[in-house]
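As provided, structure.cif (mmCIF, C-alpha atoms) reads as follows.
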```cif
data_data
loop_
_atom_site.label_atom_id
_atom_site.label_comp_id
_atom_site.auth_asym_id
_atom_site.auth_seq_id
_atom_site.Cartn_x
_atom_site.Cartn_y
_atom_site.Cartn_z
CA MET A 1 0.00 0.00 0.00
CA SER A 2 1.65 3.28 -1.12
CA SER A 3 2.11 6.18 1.29
CA SER A 4 0.77 9.69 0.78
CA ARG A 5 2.99 12.37 -0.76
CA THR A 6 2.43 14.59 2.31
CA GLY A 7 3.89 11.98 4.62
CA GLY A 8 0.53 11.13 6.17
CA PRO A 9 -1.08 7.75 6.42
CA PRO A 10 -1.82 6.02 3.17
CA VAL A 11 -5.18 6.72 1.49
CA GLN A 12 -7.33 3.69 0.88
CA ARG A 13 -9.24 3.91 -2.37
CA ALA A 14 -12.69 2.43 -2.60
CA ALA A 15 -13.14 -0.42 -4.99
CA ARG A 16 -15.11 0.39 -8.10
CA ARG A 17 -18.58 -1.04 -8.26
CA PRO A 18 -19.41 -3.12 -11.27
CA VAL A 19 -21.47 -1.22 -13.81
CA VAL A 20 -25.00 -2.63 -13.94
CA PRO A 21 -26.69 -2.04 -17.30
CA ARG A 22 -29.90 -0.05 -17.05
CA PRO A 23 -33.07 -1.80 -18.15
CA PRO A 24 -34.38 -0.55 -21.48
CA ARG A 25 -37.04 2.11 -21.26
CA GLU A 26 -40.52 0.87 -21.95
CA ASN A 27 -42.64 2.43 -24.63
CA PRO A 28 -45.15 4.73 -22.82
CA LEU A 29 -47.84 4.04 -25.40
CA ARG A 30 -47.41 0.27 -25.09
CA THR A 31 -47.49 0.56 -21.29
CA LEU A 32 -50.71 2.59 -21.47
CA VAL A 33 -52.32 0.05 -23.80
CA THR A 34 -51.29 -2.81 -21.51
CA ARG A 35 -52.73 -1.12 -18.43
CA ALA A 36 -55.96 -0.28 -20.27
CA ARG A 37 -56.28 -3.89 -21.42
CA ARG A 38 -55.75 -5.19 -17.90
CA ALA A 39 -58.30 -2.73 -16.54
CA TRP A 40 -60.82 -3.78 -19.19
CA ASP A 41 -60.30 -7.46 -18.37
CA ARG A 42 -61.34 -6.97 -14.75
CA PRO A 43 -64.56 -8.76 -13.78
CA LEU A 44 -66.56 -5.64 -12.88
CA THR A 45 -65.48 -3.44 -15.78
CA ALA A 46 -68.55 -4.13 -17.93
CA TYR A 47 -70.80 -3.57 -14.91
CA TYR A 48 -69.31 -0.14 -14.19
CA VAL A 49 -69.16 0.89 -17.86
CA ILE A 50 -72.83 0.08 -18.46
CA LEU A 51 -73.97 1.77 -15.25
CA GLY A 52 -71.74 4.83 -15.54
CA GLY A 53 -72.12 5.28 -19.30
CA SER A 54 -75.91 5.09 -19.26
CA LEU A 55 -76.17 7.52 -16.34
CA LEU A 56 -73.82 9.99 -18.03
CA ILE A 57 -75.82 9.84 -21.26
CA THR A 58 -79.08 10.36 -19.36
CA VAL A 59 -77.78 13.31 -17.32
CA LEU A 60 -76.24 14.99 -20.36
CA GLY A 61 -79.51 14.37 -22.21
CA LEU A 62 -81.46 16.12 -19.47
CA VAL A 63 -79.18 19.14 -19.75
CA MET A 64 -79.55 19.28 -23.53
CA VAL A 65 -83.33 18.76 -23.38
CA TYR A 66 -83.58 21.75 -21.06
CA SER A 67 -81.42 23.84 -23.37
CA ALA A 68 -83.04 22.77 -26.65
CA SER A 69 -86.69 22.84 -25.55
CA GLN A 70 -86.95 26.28 -23.92
CA ILE A 71 -87.75 28.17 -27.11
CA THR A 72 -90.24 25.55 -28.27
CA ALA A 73 -92.02 25.70 -24.91
CA LEU A 74 -92.19 29.51 -24.96
CA GLN A 75 -93.55 29.47 -28.51
CA MET A 76 -96.34 27.20 -27.26
CA SER A 77 -97.09 29.62 -24.37
CA LEU A 78 -95.69 27.16 -21.85
CA PRO A 79 -93.07 27.63 -19.12
CA GLY A 80 -89.52 27.35 -20.38
CA SER A 81 -88.83 24.31 -18.21
CA TYR A 82 -92.02 22.46 -19.25
CA PHE A 83 -90.40 19.74 -21.36
CA PHE A 84 -87.46 19.43 -18.98
CA ARG A 85 -89.72 18.76 -16.00
CA LYS A 86 -91.57 16.04 -17.89
CA GLN A 87 -88.30 14.45 -18.98
CA LEU A 88 -86.95 14.67 -15.42
CA LEU A 89 -90.06 12.88 -14.13
CA ALA A 90 -89.62 10.16 -16.77
CA ALA A 91 -85.93 9.83 -15.86
CA ALA A 92 -86.81 9.43 -12.16
CA ILE A 93 -89.34 6.68 -12.96
CA GLY A 94 -86.83 5.12 -15.37
CA ALA A 95 -84.17 5.10 -12.65
CA VAL A 96 -86.52 3.10 -10.43
CA LEU A 97 -87.17 0.66 -13.29
CA LEU A 98 -83.42 0.37 -13.91
CA LEU A 99 -82.78 -0.39 -10.24
CA VAL A 100 -85.58 -2.97 -10.10
CA ALA A 101 -84.45 -4.66 -13.34
CA SER A 102 -80.83 -4.76 -12.20
CA ARG A 103 -81.80 -6.55 -8.96
CA MET A 104 -84.22 -9.06 -10.48
CA PRO A 105 -82.99 -12.63 -11.00
CA VAL A 106 -82.73 -13.98 -14.51
CA LYS A 107 -85.60 -16.42 -13.96
CA LEU A 108 -87.94 -13.55 -13.16
CA HIS A 109 -86.90 -11.74 -16.34
CA ARG A 110 -87.78 -14.84 -18.30
CA ALA A 111 -91.12 -15.12 -16.52
CA LEU A 112 -91.98 -11.53 -17.52
CA ALA A 113 -91.33 -12.13 -21.23
CA TYR A 114 -94.82 -13.34 -22.15
CA PRO A 115 -96.78 -10.79 -20.04
CA ILE A 116 -94.76 -7.90 -21.49
CA LEU A 117 -95.32 -9.21 -25.03
CA ALA A 118 -99.07 -9.61 -24.46
CA GLY A 119 -99.33 -6.13 -22.93
CA ALA A 120 -97.38 -4.53 -25.78
CA VAL A 121 -99.54 -6.23 -28.44
CA LEU A 122 -102.72 -5.16 -26.66
CA LEU A 123 -101.61 -1.54 -26.37
CA MET A 124 -100.41 -1.44 -29.98
CA ALA A 125 -103.81 -2.74 -31.09
CA LEU A 126 -105.61 -0.11 -29.00
CA VAL A 127 -103.71 2.60 -30.86
CA GLN A 128 -105.80 1.85 -33.97
CA VAL A 129 -109.11 2.14 -32.09
CA PRO A 130 -110.84 5.48 -32.86
CA GLY A 131 -111.04 7.69 -29.81
CA ILE A 132 -108.12 5.97 -28.08
CA GLY A 133 -105.24 6.32 -30.53
CA VAL A 134 -103.72 9.76 -31.09
CA ALA A 135 -101.90 10.92 -34.24
CA VAL A 136 -98.67 12.93 -33.84
CA ASN A 137 -96.86 14.34 -36.89
CA GLY A 138 -98.92 12.14 -39.19
CA ASN A 139 -98.20 8.87 -37.32
CA GLN A 140 -100.94 7.30 -35.22
CA ASN A 141 -98.83 5.48 -32.64
CA TRP A 142 -99.84 7.16 -29.40
CA ILE A 143 -102.38 6.66 -26.61
CA SER A 144 -103.54 9.61 -24.56
CA LEU A 145 -103.17 9.15 -20.80
CA GLY A 146 -104.95 12.34 -19.87
CA GLY A 147 -103.69 15.89 -19.76
CA SER A 148 -100.40 16.34 -21.58
CA PHE A 149 -99.19 12.77 -21.05
CA GLN A 150 -99.13 10.30 -23.92
CA LEU A 151 -97.80 6.77 -24.34
CA GLN A 152 -96.18 5.21 -27.41
CA PRO A 153 -96.72 1.43 -27.11
CA SER A 154 -94.37 0.62 -29.99
CA GLU A 155 -91.41 1.59 -27.78
CA PHE A 156 -92.39 -1.19 -25.38
CA GLY A 157 -92.65 -3.55 -28.35
CA LYS A 158 -88.84 -3.42 -28.63
CA LEU A 159 -88.41 -4.61 -25.06
CA ALA A 160 -91.08 -7.27 -25.56
CA LEU A 161 -89.37 -8.68 -28.66
CA VAL A 162 -85.99 -8.81 -26.91
CA LEU A 163 -87.24 -10.66 -23.81
CA TRP A 164 -89.68 -12.99 -25.55
CA GLY A 165 -87.31 -13.78 -28.42
CA ALA A 166 -84.42 -14.47 -26.04
CA ASP A 167 -86.56 -16.79 -23.90
CA LEU A 168 -87.89 -18.61 -26.98
CA LEU A 169 -84.47 -19.17 -28.52
CA ALA A 170 -82.96 -20.22 -25.18
CA ARG A 171 -85.62 -22.88 -24.62
CA LYS A 172 -85.17 -24.20 -28.15
CA GLN A 173 -81.40 -24.29 -27.72
CA ASP A 174 -81.78 -26.30 -24.51
CA LYS A 175 -83.82 -28.82 -26.51
CA ARG A 176 -81.32 -28.69 -29.42
CA LEU A 177 -83.95 -27.57 -31.93
CA LEU A 178 -82.11 -24.58 -33.42
CA ALA A 179 -80.33 -26.81 -35.92
CA GLN A 180 -83.62 -26.99 -37.85
CA TRP A 181 -84.43 -23.83 -39.77
CA LYS A 182 -88.18 -24.05 -39.16
CA HIS A 183 -87.66 -24.06 -35.39
CA MET A 184 -85.31 -21.09 -35.69
CA LEU A 185 -87.82 -19.03 -37.68
CA VAL A 186 -91.14 -20.16 -36.20
CA PRO A 187 -92.69 -18.55 -34.22
CA LEU A 188 -90.03 -15.84 -33.82
CA VAL A 189 -90.30 -14.33 -37.32
CA PRO A 190 -94.14 -14.45 -37.54
CA ALA A 191 -94.45 -12.77 -34.12
CA ALA A 192 -91.95 -10.11 -35.14
CA PHE A 193 -93.86 -9.49 -38.37
CA MET A 194 -97.06 -9.15 -36.34
CA LEU A 195 -95.44 -6.42 -34.26
CA LEU A 196 -94.11 -4.77 -37.42
CA GLY A 197 -97.57 -4.84 -38.97
CA LEU A 198 -99.14 -3.16 -35.94
CA ILE A 199 -96.44 -0.48 -36.03
CA MET A 200 -96.77 0.12 -39.78
CA LEU A 201 -100.55 0.55 -39.44
CA GLY A 202 -99.68 3.80 -37.69
CA GLY A 203 -97.07 4.75 -40.29
CA ASP A 204 -94.02 4.68 -37.98
CA MET A 205 -91.35 3.16 -40.21
CA GLY A 206 -88.48 4.32 -37.99
CA THR A 207 -89.54 2.12 -35.08
CA ALA A 208 -90.18 -0.72 -37.54
CA ILE A 209 -86.55 -0.50 -38.69
CA ILE A 210 -85.33 -0.79 -35.09
CA LEU A 211 -87.56 -3.82 -34.52
CA THR A 212 -86.19 -5.42 -37.69
CA ALA A 213 -82.63 -4.82 -36.47
CA ILE A 214 -83.47 -6.57 -33.17
CA LEU A 215 -84.90 -9.54 -35.10
CA PHE A 216 -81.75 -9.87 -37.21
CA GLY A 217 -79.58 -9.55 -34.12
CA LEU A 218 -81.40 -12.44 -32.43
CA LEU A 219 -81.16 -14.60 -35.55
CA TRP A 220 -77.45 -13.86 -35.90
CA LEU A 221 -76.81 -14.75 -32.25
CA ALA A 222 -78.78 -17.97 -32.71
CA GLY A 223 -76.38 -18.99 -35.48
CA ALA A 224 -78.72 -18.68 -38.43
CA PRO A 225 -77.16 -20.04 -41.64
CA THR A 226 -76.03 -17.50 -44.21
CA ARG A 227 -78.67 -18.55 -46.72
CA LEU A 228 -81.46 -18.29 -44.17
CA PHE A 229 -80.16 -14.97 -42.89
CA ALA A 230 -79.85 -13.59 -46.42
CA GLY A 231 -83.36 -14.80 -47.32
CA VAL A 232 -85.01 -13.04 -44.38
CA LEU A 233 -82.93 -9.92 -45.08
CA ALA A 234 -84.02 -9.93 -48.74
CA VAL A 235 -87.69 -10.19 -47.78
CA ALA A 236 -87.34 -7.34 -45.28
CA ALA A 237 -85.49 -5.18 -47.83
CA LEU A 238 -88.19 -5.82 -50.44
CA LEU A 239 -90.98 -4.89 -48.05
CA GLY A 240 -89.08 -1.77 -47.00
CA ALA A 241 -88.57 -0.70 -50.61
CA VAL A 242 -92.29 -1.13 -51.33
CA LEU A 243 -93.26 0.88 -48.25
CA ILE A 244 -90.85 3.68 -49.15
CA ARG A 245 -91.90 3.74 -52.80
CA THR A 246 -95.61 3.99 -51.97
CA SER A 247 -95.21 6.96 -49.61
CA GLU A 248 -94.45 10.49 -50.84
CA ASN A 249 -93.22 11.51 -47.39
CA ARG A 250 -90.67 8.69 -47.24
CA MET A 251 -89.52 9.34 -50.81
CA ALA A 252 -88.99 12.99 -49.90
CA ARG A 253 -86.85 12.02 -46.93
CA LEU A 254 -84.78 9.76 -49.15
CA ALA A 255 -84.30 12.60 -51.65
CA CYS A 256 -82.83 14.85 -48.93
CA LEU A 257 -79.69 12.75 -48.55
CA GLY A 258 -76.68 14.99 -49.11
CA ALA A 259 -78.79 18.16 -49.52
CA THR A 260 -77.02 21.44 -48.80
CA GLU A 261 -79.88 23.87 -49.49
CA PRO A 262 -83.30 23.97 -47.77
CA GLN A 263 -85.08 23.81 -51.13
CA THR A 264 -84.02 21.22 -53.70
CA GLY A 265 -86.76 21.37 -56.31
CA PRO A 266 -90.15 20.04 -55.20
CA VAL A 267 -88.70 18.45 -52.03
CA ASP A 268 -88.36 20.51 -48.85
CA CYS A 269 -85.18 19.53 -46.97
CA TRP A 270 -85.42 22.26 -44.36
CA GLN A 271 -84.92 20.03 -41.31
CA ALA A 272 -82.03 18.03 -42.75
CA VAL A 273 -80.13 21.10 -43.98
CA HIS A 274 -80.57 23.09 -40.76
CA GLY A 275 -79.31 20.10 -38.80
CA ILE A 276 -76.11 20.30 -40.84
CA TYR A 277 -76.00 24.08 -40.26
CA ALA A 278 -76.19 23.54 -36.50
CA LEU A 279 -73.33 21.04 -36.52
CA ALA A 280 -71.19 23.20 -38.80
CA SER A 281 -71.57 26.34 -36.70
CA GLY A 282 -70.49 24.62 -33.48
CA GLY A 283 -66.79 24.37 -34.26
CA ILE A 284 -64.48 22.53 -31.89
CA PHE A 285 -65.92 23.58 -28.53
CA GLY A 286 -69.29 25.00 -29.54
CA SER A 287 -70.97 28.33 -29.03
CA GLY A 288 -71.76 27.62 -25.39
CA LEU A 289 -74.52 25.88 -23.50
CA GLY A 290 -77.83 27.56 -24.30
CA ALA A 291 -76.38 29.71 -27.10
CA SER A 292 -77.79 27.76 -30.06
CA LEU A 293 -79.32 29.83 -32.85
CA GLU A 294 -80.97 27.00 -34.78
CA LYS A 295 -83.32 26.15 -31.91
CA TRP A 296 -84.98 29.57 -32.30
CA GLY A 297 -87.57 28.20 -34.70
CA GLU A 298 -85.15 27.24 -37.50
CA LEU A 299 -84.61 23.56 -36.61
CA PRO A 300 -87.78 21.46 -36.19
CA GLU A 301 -87.81 18.81 -33.43
CA ALA A 302 -84.73 20.36 -31.81
CA HIS A 303 -85.30 18.60 -28.47
CA THR A 304 -86.37 15.21 -29.86
CA ASP A 305 -85.04 13.72 -33.10
CA PHE A 306 -82.43 16.46 -33.77
CA ILE A 307 -81.10 17.03 -30.27
CA PHE A 308 -77.71 15.76 -31.44
CA ALA A 309 -77.51 18.74 -33.84
CA VAL A 310 -78.15 21.20 -31.00
CA THR A 311 -75.51 19.38 -28.96
CA GLY A 312 -73.01 19.88 -31.78
CA GLU A 313 -73.86 23.58 -32.04
CA GLU A 314 -73.61 24.30 -28.30
CA LEU A 315 -70.89 21.86 -27.22
CA GLY A 316 -69.04 21.56 -30.51
CA LEU A 317 -67.08 18.61 -31.84
CA ALA A 318 -65.84 17.82 -28.34
CA GLY A 319 -69.41 17.36 -27.09
CA THR A 320 -70.57 15.21 -29.99
CA LEU A 321 -67.47 12.99 -29.81
CA SER A 322 -68.09 12.54 -26.09
CA VAL A 323 -71.63 11.35 -26.79
CA LEU A 324 -70.35 8.97 -29.48
CA ALA A 325 -67.68 7.63 -27.12
CA LEU A 326 -70.27 6.94 -24.43
CA PHE A 327 -72.51 5.03 -26.85
CA ALA A 328 -69.49 3.10 -28.19
CA ALA A 329 -68.43 2.12 -24.66
CA LEU A 330 -71.99 1.10 -23.81
CA GLY A 331 -72.26 -1.04 -26.94
CA TYR A 332 -68.89 -2.69 -26.41
CA ALA A 333 -69.72 -3.50 -22.80
CA GLY A 334 -73.00 -5.07 -23.92
CA ILE A 335 -71.12 -7.22 -26.44
CA ARG A 336 -68.73 -8.32 -23.69
CA VAL A 337 -71.63 -9.34 -21.43
CA ALA A 338 -73.21 -11.34 -24.25
CA GLY A 339 -69.92 -12.98 -25.22
CA ARG A 340 -68.77 -14.09 -21.75
CA THR A 341 -71.92 -15.73 -20.45
CA GLU A 342 -72.75 -19.44 -20.53
CA ASP A 343 -76.50 -18.85 -20.18
CA PRO A 344 -78.20 -18.77 -23.61
CA PHE A 345 -81.01 -16.50 -22.42
CA VAL A 346 -78.54 -13.95 -21.10
CA ARG A 347 -76.58 -14.08 -24.35
CA TYR A 348 -79.65 -13.52 -26.54
CA ALA A 349 -81.17 -10.84 -24.31
CA ALA A 350 -77.91 -8.92 -23.87
CA GLY A 351 -77.22 -9.10 -27.60
CA GLY A 352 -80.76 -7.96 -28.40
CA VAL A 353 -80.57 -4.96 -26.08
CA THR A 354 -77.15 -4.00 -27.44
CA THR A 355 -78.42 -4.28 -31.02
CA TRP A 356 -81.46 -2.16 -30.15
CA ILE A 357 -79.57 0.72 -28.53
CA THR A 358 -76.69 0.70 -31.02
CA ALA A 359 -78.88 0.52 -34.12
CA GLN A 360 -81.18 3.28 -32.88
CA ALA A 361 -78.23 5.54 -32.05
CA VAL A 362 -76.65 4.94 -35.47
CA ILE A 363 -79.92 5.68 -37.31
CA ASN A 364 -80.57 8.88 -35.34
CA ILE A 365 -77.03 10.25 -35.59
CA GLY A 366 -76.75 9.20 -39.24
CA ALA A 367 -79.91 11.14 -40.07
CA VAL A 368 -78.61 14.26 -38.29
CA LEU A 369 -75.32 14.00 -40.18
CA GLY A 370 -77.15 13.64 -43.49
CA LEU A 371 -75.83 10.13 -44.10
CA LEU A 372 -79.17 8.35 -43.62
CA PRO A 373 -82.79 9.30 -44.29
CA ILE A 374 -84.65 10.95 -41.42
CA ALA A 375 -86.43 8.05 -39.72
CA GLY A 376 -87.98 9.94 -36.82
CA VAL A 377 -86.40 7.83 -34.06
CA PRO A 378 -85.06 9.45 -30.87
CA LEU A 379 -81.50 9.15 -29.61
CA PRO A 380 -81.63 6.52 -26.81
CA LEU A 381 -81.44 7.91 -23.26
CA PHE A 382 -80.75 11.37 -24.72
CA SER A 383 -83.72 12.74 -26.64
CA TYR A 384 -86.94 14.01 -25.10
CA GLY A 385 -89.68 11.42 -24.71
CA GLY A 386 -90.75 9.41 -21.71
CA SER A 387 -92.20 6.55 -23.76
CA ALA A 388 -88.76 5.90 -25.25
CA LEU A 389 -86.82 6.52 -22.04
CA LEU A 390 -88.70 4.12 -19.73
CA PRO A 391 -88.23 0.83 -21.68
CA THR A 392 -84.67 1.81 -22.59
CA MET A 393 -83.70 2.31 -18.95
CA PHE A 394 -85.35 -1.00 -18.06
CA ALA A 395 -83.25 -2.61 -20.81
CA ILE A 396 -80.11 -1.01 -19.32
CA GLY A 397 -81.12 -2.57 -16.01
CA LEU A 398 -81.21 -5.93 -17.81
CA LEU A 399 -77.61 -5.47 -18.97
CA ILE A 400 -76.53 -4.50 -15.45
CA ALA A 401 -78.21 -7.59 -14.01
CA PHE A 402 -76.55 -9.80 -16.61
CA ALA A 403 -73.16 -8.20 -15.92
CA ARG A 404 -73.61 -8.96 -12.21
CA GLU A 405 -74.52 -12.59 -12.98
CA ASP A 406 -71.09 -13.31 -14.46
CA PRO A 407 -69.35 -15.75 -12.06
CA ALA A 408 -66.18 -13.65 -11.84
CA ALA A 409 -68.21 -10.48 -11.26
CA ARG A 410 -70.27 -12.18 -8.54
CA MET A 411 -67.07 -13.32 -6.85
CA ALA A 412 -65.62 -9.80 -7.01
CA LEU A 413 -68.82 -8.29 -5.59
CA ALA A 414 -68.96 -10.90 -2.82
CA MET A 415 -65.34 -10.33 -1.78
CA ARG A 416 -65.48 -6.55 -1.94
CA GLN A 417 -64.98 -4.91 1.45
CA PRO A 418 -67.78 -2.57 2.58
CA ARG A 419 -66.72 1.03 3.15
CA PHE A 420 -69.19 1.49 5.99
CA GLY A 421 -70.63 -0.77 8.65
CA ARG A 422 -67.44 -1.47 10.60
CA LYS A 423 -68.37 -2.91 13.99
CA ARG A 424 -66.51 -3.62 17.21
CA ILE A 425 -66.18 -7.33 17.86
CA ARG A 426 -65.01 -8.00 21.46
CA GLY A 427 -62.92 -4.86 21.53
CA SER A 428 -61.26 -5.50 18.18
CA GLN A 429 -61.53 -3.24 15.13
CA ARG A 430 -61.89 -5.97 12.54
CA PRO A 431 -64.23 -5.07 9.65
CA HIS A 432 -67.63 -6.69 9.75
CA ARG A 433 -68.79 -8.41 6.59
CA TRP A 434 -72.47 -8.47 5.90
CA ASN A 435 -74.13 -11.72 4.89
CA THR A 436 -74.57 -10.57 1.29
CA MET A 437 -70.82 -9.96 1.03
CA ARG A 438 -69.89 -13.31 2.52
CA ARG A 439 -71.44 -15.54 -0.11
CA ARG A 440 -69.17 -17.09 -2.67
CA ALA A 441 -70.26 -17.15 -6.30
CA PRO A 442 -71.36 -20.57 -7.54
CA GLY A 443 -70.31 -21.91 -10.89
CA ALA A 444 -71.97 -20.80 -14.09
CA ARG A 445 -75.32 -22.47 -14.61
CA SER A 446 -78.30 -22.01 -16.83
CA SER A 447 -81.19 -19.93 -15.59
CA GLY A 448 -83.53 -22.79 -16.46
CA GLU A 449 -86.72 -22.89 -18.43
CA ARG A 450 -89.83 -21.04 -17.43
#
```
Take the structure from the file and write it as structure tokens.
Amino acid sequence: MSSSRTGGPPVQRAARRPVVPRPPRENPLRTLVTRARRAWDRPLTAYYVILGGSLLITVLGLVMVYSASQITALQMSLPGSYFFRKQLLAAAIGAVLLLVASRMPVKLHRALAYPILAGAVLLMALVQVPGIGVAVNGNQNWISLGGSFQLQPSEFGKLALVLWGADLLARKQDKRLLAQWKHMLVPLVPAAFMLLGLIMLGGDMGTAIILTAILFGLLWLAGAPTRLFAGVLAVAALLGAVLIRTSENRMARLACLGATEPQTGPVDCWQAVHGIYALASGGIFGSGLGASLEKWGELPEAHTDFIFAVTGEELGLAGTLSVLALFAALGYAGIRVAGRTEDPFVRYAAGGVTTWITAQAVINIGAVLGLLPIAGVPLPLFSYGGSALLPTMFAIGLLIAFAREDPAARMALAMRQPRFGRKRIRGSQRPHRWNTMRRRAPGARSSGER
């Protein structure tokens, strides 16, 4: 050991540490995608997405109904909050229906299929009785309940077809009858055509299109062969073409596709063009909540069928993309619930509800954007109308109940610690688990026949 140059004690040098190579930096985008995928694969993700997404759409819809309907209410010599209060009442009743449906067992949902179908058929038949049925905008699809309240039974026909069709197909699958085409079509297709006929007697082709989409969704989930699926689709397309061709009003709506001026020859495209004007004037972030100009008598049905246009004008591209993202998340969560279950009824019902809400949203938004003919259907959970809101919220409750019935989700709910209800046990501070939290989820099993 060498001595120091100053004559002092020798200096001991520390040994060099071996150089450890640093781990390579991870791609932030890949890390984000991985975390998002893990979060989406959690058992309760679909449950929270369906519940949170539907509530956000409903609350935002209430805000936009209040903003878009004030001028219409004042023009009718009504209070400015008239339509908002009615929609708020319907949303409160719908929330109760959602809660009840989400807590009902699957067997009870199956037991309600036939009563709901019978009630919907009876009400849709009463619409055509003189003195009972009421015509609105040329379509006789309403029943007066007294005062300013009206009911549209065809909206409940969607829920009836979903529940009854899912129960029918599930029972036939349990008996292994779906391999025969006649058992797949009968009596599902004749019953659906009966509902379509009752709807078309009132002239409401928009609701008939949604019902047809639900029928095709059920057939696709049941594994209908391509030839059979194409045959039913060809018959439906032929009937639709005949119905459109024989109606001047429907031909006029078809002629307004891509119109940029309110007047295009003999066809008046005022509503379609002003919907495009509202979207175009919104910009990125909109003109501000309540600052729409098109709702001042320029845009018909601003708070019902064309509420998406007012949303684009007041909240801009950011607002409309948020609405689209919420509907996309809701649809994807519904597909996940239908794809992960072992119960055939749950699969058919969840797929039918998802098809219903997604198809109706696409048809409404496509009409506002000028990509599809104006069908006169509301935006689910968003547009004004209690008759459309109540069955839709009940259907959302169905999806929530089905998401809770997943074995992994039931296990996660059972093992979740309660935030409140901690109780002293012999001087200790151990958390107290309630009986409902203590149960372990059983294995997946069929809900059984009715």
Exercise for the section: Kindly indicate which residue among A:Leu178, A:Ile214, A:Leu390, A:Ile209 lies nearest to Trp164 (chain A), using only C-alpha atoms for the distances. Expected result: A:Ile214
Exercise for the section: Please indicate the distance in Å from CA of Tyr114 (chain A) to CA of Leu168 (chain A), rounded to one decimal place. Expected result: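 We find that CA of Tyr114 (chain A) and CA of Leu168 (chain A) lie 10.0 Å from each other.
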Problem - Long-range neighbours of Ala409 (chain A) as a VMD selection string, 12 Å cut-off, only C-alpha atoms, 2 positions minimum in chain - result: chain A and resid 41 to 48 337 340 to 341 400 to 407 411 to 416 440 to 444
Exercise for the section: Would you write out, as number ranges by chain, every residue that the PyMOL selection byres ((chain A and resi 393) around 8) captures in this file? Expected result: A: 94-95, 97-98, 381, 389-392, 394-397
Exercise for the section: Could you tell me which residues the PyMOL selection byres ((chain A and resi 382) around 12) returns for this structure, as a ChimeraX atom specification? Expected result: /A:53-66,68,84,87-88,90-91,303-308,310-311,323-324,326-327,357,360-361,364-365,377-381,383-386,388-390,392-393
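Here the PyMOL selection byres ((chain A and resi 272-276) around 6) matches the residues Thr260, Pro262, Cys269, Trp270, Gln271, Tyr277, Ala278, Leu279, Leu299, Ala309 and Val368 of chain A.
With all atoms listed in the file as the atoms that count, the residue of A:Phe149, A:Ala222, A:Gly258, A:Asn137 with the shortest distance to Leu89 (chain A) is A:Phe149.
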Practice task
Could you tell me which of A:Pro21, A:Gly146, A:Gly231, A:Gly52 comes closest to Ala333 (chain A) if we count only C-alpha atoms?
Solution key: A:Gly52
Handout entry: 10 Å contact set for region 185-192 of chain A, only C-alpha atoms, chain neighbours under 3 positions out, as a count of residues only
Key = 27
Around (-80.9, -14.6, -24.0) in the file's own coordinates, what residues are found within 12 Å if you use all atoms listed in the file, given back as a CSV table (one decimal) with C-alpha atoms, in the frame of the given file?
```
chain,number,residue,atom,x,y,z
A,106,VAL,CA,-82.7,-14.0,-14.5
A,107,LYS,CA,-85.6,-16.4,-14.0
A,109,HIS,CA,-86.9,-11.7,-16.3
A,110,ARG,CA,-87.8,-14.8,-18.3
A,113,ALA,CA,-91.3,-12.1,-21.2
A,161,LEU,CA,-89.4,-8.7,-28.7
A,162,VAL,CA,-86.0,-8.8,-26.9
A,163,LEU,CA,-87.2,-10.7,-23.8
A,164,TRP,CA,-89.7,-13.0,-25.6
A,165,GLY,CA,-87.3,-13.8,-28.4
A,166,ALA,CA,-84.4,-14.5,-26.0
A,167,ASP,CA,-86.6,-16.8,-23.9
A,168,LEU,CA,-87.9,-18.6,-27.0
A,169,LEU,CA,-84.5,-19.2,-28.5
A,170,ALA,CA,-83.0,-20.2,-25.2
A,171,ARG,CA,-85.6,-22.9,-24.6
A,172,LYS,CA,-85.2,-24.2,-28.2
A,173,GLN,CA,-81.4,-24.3,-27.7
A,174,ASP,CA,-81.8,-26.3,-24.5
A,217,GLY,CA,-79.6,-9.6,-34.1
A,218,LEU,CA,-81.4,-12.4,-32.4
A,219,LEU,CA,-81.2,-14.6,-35.6
A,221,LEU,CA,-76.8,-14.8,-32.2
A,222,ALA,CA,-78.8,-18.0,-32.7
A,337,VAL,CA,-71.6,-9.3,-21.4
A,338,ALA,CA,-73.2,-11.3,-24.2
A,339,GLY,CA,-69.9,-13.0,-25.2
A,341,THR,CA,-71.9,-15.7,-20.4
A,342,GLU,CA,-72.8,-19.4,-20.5
A,343,ASP,CA,-76.5,-18.8,-20.2
A,344,PRO,CA,-78.2,-18.8,-23.6
A,345,PHE,CA,-81.0,-16.5,-22.4
A,346,VAL,CA,-78.5,-14.0,-21.1
A,347,ARG,CA,-76.6,-14.1,-24.4
A,348,TYR,CA,-79.6,-13.5,-26.5
A,349,ALA,CA,-81.2,-10.8,-24.3
A,350,ALA,CA,-77.9,-8.9,-23.9
A,351,GLY,CA,-77.2,-9.1,-27.6
A,352,GLY,CA,-80.8,-8.0,-28.4
A,353,VAL,CA,-80.6,-5.0,-26.1
A,354,THR,CA,-77.2,-4.0,-27.4
A,398,LEU,CA,-81.2,-5.9,-17.8
A,399,LEU,CA,-77.6,-5.5,-19.0
A,402,PHE,CA,-76.6,-9.8,-16.6
A,446,SER,CA,-78.3,-22.0,-16.8
A,447,SER,CA,-81.2,-19.9,-15.6
A,448,GLY,CA,-83.5,-22.8,-16.5
A,449,GLU,CA,-86.7,-22.9,-18.4
```
For region 277-281 of chain A, I'd like the enclosing box, axis-aligned and padded by 5 Å on every side, reported as lines of an AutoDock Vina configuration file with centre and edge lengths in Å to one decimal.
```
center_x = -73.7
center_y = 23.7
center_z = -38.4
size_x = 15.0
size_y = 15.3
size_z = 13.8
```
